[in-house]
file work-v8.cif (mmCIF, C-alpha atoms)
data_work
loop_
_atom_site.label_atom_id
_atom_site.label_comp_id
_atom_site.auth_asym_id
_atom_site.auth_seq_id
_atom_site.Cartn_x
_atom_site.Cartn_y
_atom_site.Cartn_z
CA ASN Y 9 1.02 19.19 -0.81
CA GLU Y 10 -0.81 21.65 1.44
CA GLN Y 11 -3.74 19.25 1.86
CA LYS Y 12 -1.37 16.36 2.60
CA HIS Y 13 0.53 18.48 5.15
CA LYS Y 14 -2.75 19.48 6.83
CA LEU Y 15 -4.00 15.86 6.92
CA LYS Y 16 -0.70 14.66 8.41
CA LYS Y 17 -1.10 17.16 11.23
CA GLU Y 18 -4.78 16.24 11.75
CA ASN Y 19 -3.86 12.55 11.94
CA ASN Y 20 -0.90 13.16 14.26
CA LEU Y 21 1.60 11.92 11.67
CA PRO Y 22 5.16 13.07 10.98
CA LEU Y 23 5.69 15.40 8.05
CA ASN Y 24 8.31 13.25 6.31
CA LYS Y 25 7.48 10.70 3.57
CA ILE Y 26 5.03 8.06 4.80
CA PHE Y 27 4.65 4.57 3.40
CA LEU Y 28 1.30 3.05 4.36
CA SER Y 29 0.55 -0.65 4.65
CA ALA Y 30 -2.93 -1.80 5.67
CA SER Y 31 -3.59 -5.49 6.20
CA GLN Y 32 -4.17 -8.30 8.62
CA PHE Y 33 -1.18 -8.96 10.86
CA ILE Y 34 -0.66 -12.55 9.75
CA GLU Y 35 2.27 -14.50 8.27
CA ARG Y 36 0.97 -14.38 4.68
CA LYS Y 37 1.04 -10.56 4.67
CA ASN Y 38 4.83 -10.60 5.22
CA ILE Y 39 5.04 -7.63 7.60
CA PHE Y 40 8.30 -8.85 9.16
CA GLN Y 41 10.11 -8.40 5.85
CA LEU Y 42 8.57 -4.95 5.55
CA LEU Y 43 9.81 -4.04 9.02
CA ARG Y 44 13.26 -5.40 8.22
CA VAL Y 45 13.67 -3.25 5.09
CA PHE Y 46 12.49 -0.13 6.96
CA LYS Y 47 14.99 -0.59 9.77
CA GLY Y 48 17.32 2.42 9.78
CA ARG Y 49 15.44 4.34 7.08
CA ASN Y 50 14.33 7.98 7.33
CA GLU Y 51 10.84 7.47 5.92
CA THR Y 52 7.95 6.55 8.17
CA LEU Y 53 6.18 3.20 7.88
CA LEU Y 54 2.54 3.36 8.98
CA LEU Y 55 1.03 -0.07 9.66
CA ILE Y 56 -2.75 -0.32 9.90
CA GLY Y 57 -4.29 -3.58 11.02
CA ASP Y 58 -4.54 -6.26 13.65
CA GLY Y 59 -4.01 -9.96 13.98
CA VAL Y 60 -2.16 -12.80 15.63
CA GLN Y 61 1.32 -11.37 14.90
CA LYS Y 62 0.67 -7.89 16.29
CA GLU Y 63 2.52 -8.47 19.57
CA ASP Y 64 5.48 -9.96 17.67
CA TYR Y 65 5.67 -6.82 15.51
CA ILE Y 66 5.55 -4.57 18.57
CA LYS Y 67 8.35 -6.58 20.17
CA TYR Y 68 10.47 -6.40 16.98
CA ILE Y 69 9.92 -2.64 16.67
CA LYS Y 70 10.96 -2.07 20.31
CA GLU Y 71 13.97 -4.42 20.15
CA ASN Y 72 15.24 -2.63 17.04
CA ASN Y 73 14.43 0.88 18.32
CA MET Y 74 12.44 1.63 15.17
CA GLN Y 75 11.26 5.19 15.75
CA ASN Y 76 10.08 5.39 12.13
CA VAL Y 77 7.23 2.85 12.53
CA ILE Y 78 3.71 3.75 13.63
CA MET Y 79 1.06 1.10 14.27
CA ARG Y 80 -2.65 1.73 14.34
CA ASP Y 81 -5.59 -0.62 14.69
CA PHE Y 82 -8.04 -1.39 11.89
CA MET Y 83 -10.38 1.51 11.23
CA LYS Y 84 -13.57 2.22 9.38
CA HIS Y 85 -13.15 2.19 5.61
CA SER Y 86 -13.92 5.91 5.33
CA ASP Y 87 -11.27 6.71 7.97
CA LEU Y 88 -8.70 4.56 6.16
CA ILE Y 89 -9.43 6.33 2.88
CA ASN Y 90 -8.92 9.69 4.61
CA LEU Y 91 -5.67 8.45 6.14
CA MET Y 92 -4.46 7.24 2.73
CA THR Y 93 -4.75 10.81 1.48
CA ALA Y 94 -2.36 11.92 4.24
CA CYS Y 95 0.27 9.37 3.19
CA ASP Y 96 2.70 9.46 0.29
CA TYR Y 97 3.00 5.85 -0.87
CA PHE Y 98 1.39 2.46 -0.32
CA ILE Y 99 3.36 -0.75 0.16
CA THR Y 100 2.23 -4.37 0.37
CA LEU Y 101 4.59 -7.34 0.41
CA SER Y 102 2.02 -10.09 0.71
CA LYS Y 103 3.19 -13.61 -0.10
CA GLU Y 104 -0.24 -14.38 -1.57
CA ASP Y 105 -3.30 -12.26 -2.22
CA ILE Y 106 -6.28 -13.43 -4.25
CA TYR Y 107 -7.03 -9.88 -5.38
CA GLY Y 108 -5.92 -7.08 -3.04
CA HIS Y 109 -8.38 -4.18 -3.12
CA THR Y 110 -6.06 -1.89 -1.21
CA THR Y 111 -3.84 -1.48 -4.29
CA ASN Y 112 -6.65 0.12 -6.27
CA GLU Y 113 -7.93 2.06 -3.26
CA ALA Y 114 -4.48 3.54 -2.61
CA MET Y 115 -4.01 4.50 -6.25
CA ALA Y 116 -7.47 6.11 -6.24
CA ARG Y 117 -6.13 8.38 -3.46
CA GLY Y 118 -3.09 9.28 -5.59
CA LEU Y 119 -0.62 6.96 -3.88
CA PRO Y 120 2.02 5.26 -6.00
CA VAL Y 121 2.22 1.60 -4.91
CA ILE Y 122 5.01 -0.86 -4.23
CA SER Y 123 3.61 -4.38 -4.28
CA SER Y 124 4.89 -7.91 -4.34
CA ASN Y 125 4.23 -9.76 -7.55
CA LYS Y 126 2.06 -12.12 -5.48
CA VAL Y 127 -0.85 -9.63 -5.22
CA ILE Y 128 -3.11 -10.37 -8.19
CA SER Y 129 -4.64 -6.89 -8.49
CA SER Y 130 -1.18 -5.33 -8.53
CA LEU Y 131 -0.17 -7.44 -11.53
CA HIS Y 132 -2.95 -5.73 -13.48
CA LEU Y 133 -2.75 -2.22 -12.01
CA ILE Y 134 0.94 -1.42 -11.54
CA LYS Y 135 3.16 -0.40 -14.41
CA ASN Y 136 6.78 -0.38 -13.20
CA GLY Y 137 8.20 3.11 -12.98
CA TYR Y 138 4.89 4.68 -14.03
CA ASN Y 139 2.60 4.39 -10.99
CA GLY Y 140 4.71 2.25 -8.68
CA TYR Y 141 6.71 -0.97 -8.70
CA LEU Y 142 6.07 -4.70 -8.69
CA VAL Y 143 8.80 -6.46 -6.74
CA ASP Y 144 10.04 -9.94 -6.07
CA LEU Y 145 10.10 -10.73 -2.38
CA ASN Y 146 13.79 -10.06 -1.84
CA ASP Y 147 15.17 -7.15 0.16
CA GLU Y 148 17.27 -5.80 -2.72
CA ASP Y 149 14.29 -5.35 -5.08
CA ILE Y 150 12.14 -3.88 -2.33
CA ILE Y 151 14.78 -1.38 -1.21
CA SER Y 152 15.43 -0.37 -4.81
CA ALA Y 153 11.71 0.32 -5.30
CA ILE Y 154 11.52 2.32 -2.06
CA ASN Y 155 14.50 4.39 -3.19
CA SER Y 156 13.04 4.93 -6.69
CA ILE Y 157 9.36 5.63 -6.05
CA ASN Y 158 8.51 9.32 -6.28
CA ASP Y 159 5.72 11.87 -6.07
CA SER Y 160 5.58 12.34 -9.86
CA MET Y 161 3.91 8.91 -10.04
CA ALA Y 162 0.86 10.15 -8.11
CA ASP Y 163 -1.01 11.48 -11.16
CA ASN Y 164 -0.29 8.23 -12.99
CA ALA Y 165 -1.71 6.25 -10.06
CA LEU Y 166 -4.91 8.30 -10.30
CA THR Y 167 -5.11 7.76 -14.07
CA VAL Y 168 -4.88 3.98 -13.70
CA ALA Y 169 -7.36 3.92 -10.81
CA ARG Y 170 -9.91 5.89 -12.84
CA LYS Y 171 -9.82 3.13 -15.47
CA ASN Y 172 -10.56 0.48 -12.82
CA THR Y 173 -13.85 1.59 -11.32
CA ILE Y 174 -16.90 -0.59 -10.77
CA GLU Y 175 -18.55 1.20 -13.68
CA GLU Y 176 -15.64 0.44 -16.01
CA MET Y 177 -15.63 -3.21 -14.92
CA ALA Y 178 -19.40 -3.43 -15.56
CA ILE Y 179 -18.91 -2.11 -19.11
CA ALA Y 180 -16.11 -4.63 -19.71
CA HIS Y 181 -18.26 -7.49 -18.37
CA LYS Y 182 -21.18 -6.41 -20.56
CA GLU Y 183 -18.95 -6.57 -23.64
CA ILE Y 184 -17.69 -10.02 -22.67
CA PHE Y 185 -21.26 -11.26 -22.15
CA LYS Y 186 -22.27 -9.90 -25.57
CA ARG Y 187 -19.45 -11.84 -27.26
CA VAL Y 188 -20.10 -15.06 -25.32
CA LEU Y 189 -23.88 -15.04 -25.80
CA LYS Y 190 -23.76 -14.50 -29.60
#

call {"tool": "encode", "arguments": {"input": "work-v8.cif", "output": "structure tokens"}}
result
Amino acid sequence: NEQKHKLKKENNLPLNKIFLSASQFIERKNIFQLLRVFKGRNETLLLIGDGVQKEDYIKYIKENNMQNVIMRDFMKHSDLINLMTACDYFITLSKEDIYGHTTNEAMARGLPVISSNKVISSLHLIKNGYNGYLVDLNDEDIISAINSINDSMADNALTVARKNTIEEMAIAHKEIFKRVLK
């Protein structure tokens, strides 16, 4: 908590709970629904990215006087990883994602994750109520997950991430190759 507090100050972030979403600002990533469910909430939504819908998001945020949304441009991977450590949770509501590396990266930084069930990596990494939530893309499910996610899931996120390293995947692939090549 002390490290998180210090990192929030260093990154000029509010001290309340922060939900991070990092992605391209395109239709498929479903940021408008994310903005809609955060309207009127006390938590902060930190959006990292860029893309063709950026100006539309800025307009929506201003029109709805959303003081709880911060937008930042894409950043170097190492800077994003540092910023993840300052945040409390990760959220992605993509309508389609072939894999979605940010789920595993966020969990490796101890962030419980809320993800749509359209992000393939999340289907394998998230265990509902343990290290985050998989949600259908309807506001009710998303809001319920936001209200239910908690800091006690952080250690569980780390545990799952540790089992999904490149080294662990290499061992699993080696075992598969052994079986196939026999």

call {"tool": "atom_distance", "arguments": {"input": "work-v8.cif", "atom1": "CA of Ser156 (chain Y)", "atom2": "CA of Ile34 (chain Y)"}}
result
27.6 Å

call {"tool": "residues_near_point", "arguments": {"input": "work-v8.cif", "point": "(18.4, -1.9, -0.5)", "cutoff": "12 Å", "atoms": "only C-alpha atoms", "output": "JSON list (two decimals) with C-alpha atoms, in the frame of the given file"}}
result
[["chain", "number", "residue", "atom", "x", "y", "z"],
["Y", 42, "LEU", "CA", 8.57, -4.95, 5.55],
["Y", 44, "ARG", "CA", 13.26, -5.40, 8.22],
["Y", 45, "VAL", "CA", 13.67, -3.25, 5.09],
["Y", 46, "PHE", "CA", 12.49, -0.13, 6.96],
["Y", 47, "LYS", "CA", 14.99, -0.59, 9.77],
["Y", 48, "GLY", "CA", 17.32, 2.42, 9.78],
["Y", 49, "ARG", "CA", 15.44, 4.34, 7.08],
["Y", 146, "ASN", "CA", 13.79, -10.06, -1.84],
["Y", 147, "ASP", "CA", 15.17, -7.15, 0.16],
["Y", 148, "GLU", "CA", 17.27, -5.80, -2.72],
["Y", 149, "ASP", "CA", 14.29, -5.35, -5.08],
["Y", 150, "ILE", "CA", 12.14, -3.88, -2.33],
["Y", 151, "ILE", "CA", 14.78, -1.38, -1.21],
["Y", 152, "SER", "CA", 15.43, -0.37, -4.81],
["Y", 153, "ALA", "CA", 11.71, 0.32, -5.30],
["Y", 154, "ILE", "CA", 11.52, 2.32, -2.06],
["Y", 155, "ASN", "CA", 14.50, 4.39, -3.19],
["Y", 156, "SER", "CA", 13.04, 4.93, -6.69]]

call {"tool": "resolve_selection", "arguments": {"input": "work-v8.cif", "expression": "the PyMOL selection byres ((chain Y and resi 91) around 12)", "output": "PyMOL selection string"}}
result
chain Y and resi 11-21+26-30+54-56+80+82-90+92-98+113-114+117+119

call {"tool": "write_last_selection", "arguments": {"input": "work-v8.cif", "atoms": "C-alpha atoms", "output": "PDB file, in the frame of the given file"}}
result
ATOM      1  CA  GLN Y  11      -3.740  19.250   1.860  1.00  0.00           C
ATOM      2  CA  LYS Y  12      -1.370  16.360   2.600  1.00  0.00           C
ATOM      3  CA  HIS Y  13       0.530  18.480   5.150  1.00  0.00           C
ATOM      4  CA  LYS Y  14      -2.750  19.480   6.830  1.00  0.00           C
ATOM      5  CA  LEU Y  15      -4.000  15.860   6.920  1.00  0.00           C
ATOM      6  CA  LYS Y  16      -0.700  14.660   8.410  1.00  0.00           C
ATOM      7  CA  LYS Y  17      -1.100  17.160  11.230  1.00  0.00           C
ATOM      8  CA  GLU Y  18      -4.780  16.240  11.750  1.00  0.00           C
ATOM      9  CA  ASN Y  19      -3.860  12.550  11.940  1.00  0.00           C
ATOM     10  CA  ASN Y  20      -0.900  13.160  14.260  1.00  0.00           C
ATOM     11  CA  LEU Y  21       1.600  11.920  11.670  1.00  0.00           C
ATOM     12  CA  ILE Y  26       5.030   8.060   4.800  1.00  0.00           C
ATOM     13  CA  PHE Y  27       4.650   4.570   3.400  1.00  0.00           C
ATOM     14  CA  LEU Y  28       1.300   3.050   4.360  1.00  0.00           C
ATOM     15  CA  SER Y  29       0.550  -0.650   4.650  1.00  0.00           C
ATOM     16  CA  ALA Y  30      -2.930  -1.800   5.670  1.00  0.00           C
ATOM     17  CA  LEU Y  54       2.540   3.360   8.980  1.00  0.00           C
ATOM     18  CA  LEU Y  55       1.030  -0.070   9.660  1.00  0.00           C
ATOM     19  CA  ILE Y  56      -2.750  -0.320   9.900  1.00  0.00           C
ATOM     20  CA  ARG Y  80      -2.650   1.730  14.340  1.00  0.00           C
ATOM     21  CA  PHE Y  82      -8.040  -1.390  11.890  1.00  0.00           C
ATOM     22  CA  MET Y  83     -10.380   1.510  11.230  1.00  0.00           C
ATOM     23  CA  LYS Y  84     -13.570   2.220   9.380  1.00  0.00           C
ATOM     24  CA  HIS Y  85     -13.150   2.190   5.610  1.00  0.00           C
ATOM     25  CA  SER Y  86     -13.920   5.910   5.330  1.00  0.00           C
ATOM     26  CA  ASP Y  87     -11.270   6.710   7.970  1.00  0.00           C
ATOM     27  CA  LEU Y  88      -8.700   4.560   6.160  1.00  0.00           C
ATOM     28  CA  ILE Y  89      -9.430   6.330   2.880  1.00  0.00           C
ATOM     29  CA  ASN Y  90      -8.920   9.690   4.610  1.00  0.00           C
ATOM     30  CA  MET Y  92      -4.460   7.240   2.730  1.00  0.00           C
ATOM     31  CA  THR Y  93      -4.750  10.810   1.480  1.00  0.00           C
ATOM     32  CA  ALA Y  94      -2.360  11.920   4.240  1.00  0.00           C
ATOM     33  CA  CYS Y  95       0.270   9.370   3.190  1.00  0.00           C
ATOM     34  CA  ASP Y  96       2.700   9.460   0.290  1.00  0.00           C
ATOM     35  CA  TYR Y  97       3.000   5.850  -0.870  1.00  0.00           C
ATOM     36  CA  PHE Y  98       1.390   2.460  -0.320  1.00  0.00           C
ATOM     37  CA  GLU Y 113      -7.930   2.060  -3.260  1.00  0.00           C
ATOM     38  CA  ALA Y 114      -4.480   3.540  -2.610  1.00  0.00           C
ATOM     39  CA  ARG Y 117      -6.130   8.380  -3.460  1.00  0.00           C
ATOM     40  CA  LEU Y 119      -0.620   6.960  -3.880  1.00  0.00           C
TER      41      LEU Y 119
END

call {"tool": "residues_around", "arguments": {"input": "work-v8.cif", "residues": "region 130-134 of chain Y", "least_positions_apart": "6", "cutoff": "12 Å", "atoms": "all atoms listed in the file", "output": "PyMOL selection string"}}
result
chain Y and resi 98-102+104-116+119-124+140-144+161+164-173

call {"tool": "atom_distance", "arguments": {"input": "work-v8.cif", "atom1": "CA of Pro22 (chain Y)", "atom2": "CA of Asp163 (chain Y)"}}
result
23.0 Å

call {"tool": "atom_distance", "arguments": {"input": "work-v8.cif", "atom1": "CA of Val127 (chain Y)", "atom2": "CA of Glu183 (chain Y)"}}
result
26.0 Å

call {"tool": "closest_residue", "arguments": {"input": "work-v8.cif", "among": "Y:Ile69, Y:Ile179, Y:Leu189, Y:Leu23", "to": "Glu51 (chain Y)", "atoms": "all atoms listed in the file"}}
result
Y:Leu23

call {"tool": "resolve_selection", "arguments": {"input": "work-v8.cif", "expression": "the PyMOL selection byres ((chain Y and resi 33) around 8)", "output": "list in words"}}
result
Ser31, Gln32, Ile34, Glu35, Lys37, Ile39, Gly57, Asp58, Gly59, Val60, Gln61 and Lys62 of chain Y

call {"tool": "write_last_selection", "arguments": {"input": "work-v8.cif", "atoms": "C-alpha atoms", "output": "compact mmCIF listing (two decimals), in the coordinates of the input"}}
result
# COMPACT_ATOMS: atom_id res chain seq x y z
CA SER Y 31 -3.59 -5.49 6.20
CA GLN Y 32 -4.17 -8.30 8.62
CA ILE Y 34 -0.66 -12.55 9.75
CA GLU Y 35 2.27 -14.50 8.27
CA LYS Y 37 1.04 -10.56 4.67
CA ILE Y 39 5.04 -7.63 7.60
CA GLY Y 57 -4.29 -3.58 11.02
CA ASP Y 58 -4.54 -6.26 13.65
CA GLY Y 59 -4.01 -9.96 13.98
CA VAL Y 60 -2.16 -12.80 15.63
CA GLN Y 61 1.32 -11.37 14.90
CA LYS Y 62 0.67 -7.89 16.29

call {"tool": "axis_aligned_box", "arguments": {"input": "work-v8.cif", "around": "region 94-108 of chain Y", "padding_each_side": "6 Å", "output": "lines of an AutoDock Vina configuration file"}}
result
center_x = -1.2
center_y = -1.2
center_z = -0.6
size_x = 23.6
size_y = 38.3
size_z = 21.6

call {"tool": "closest_residue", "arguments": {"input": "work-v8.cif", "among": "Y:Leu53, Y:Gln41, Y:Lys25, Y:Met79", "to": "Asn158 (chain Y)", "atoms": "all atoms listed in the file"}}
result
Y:Lys25
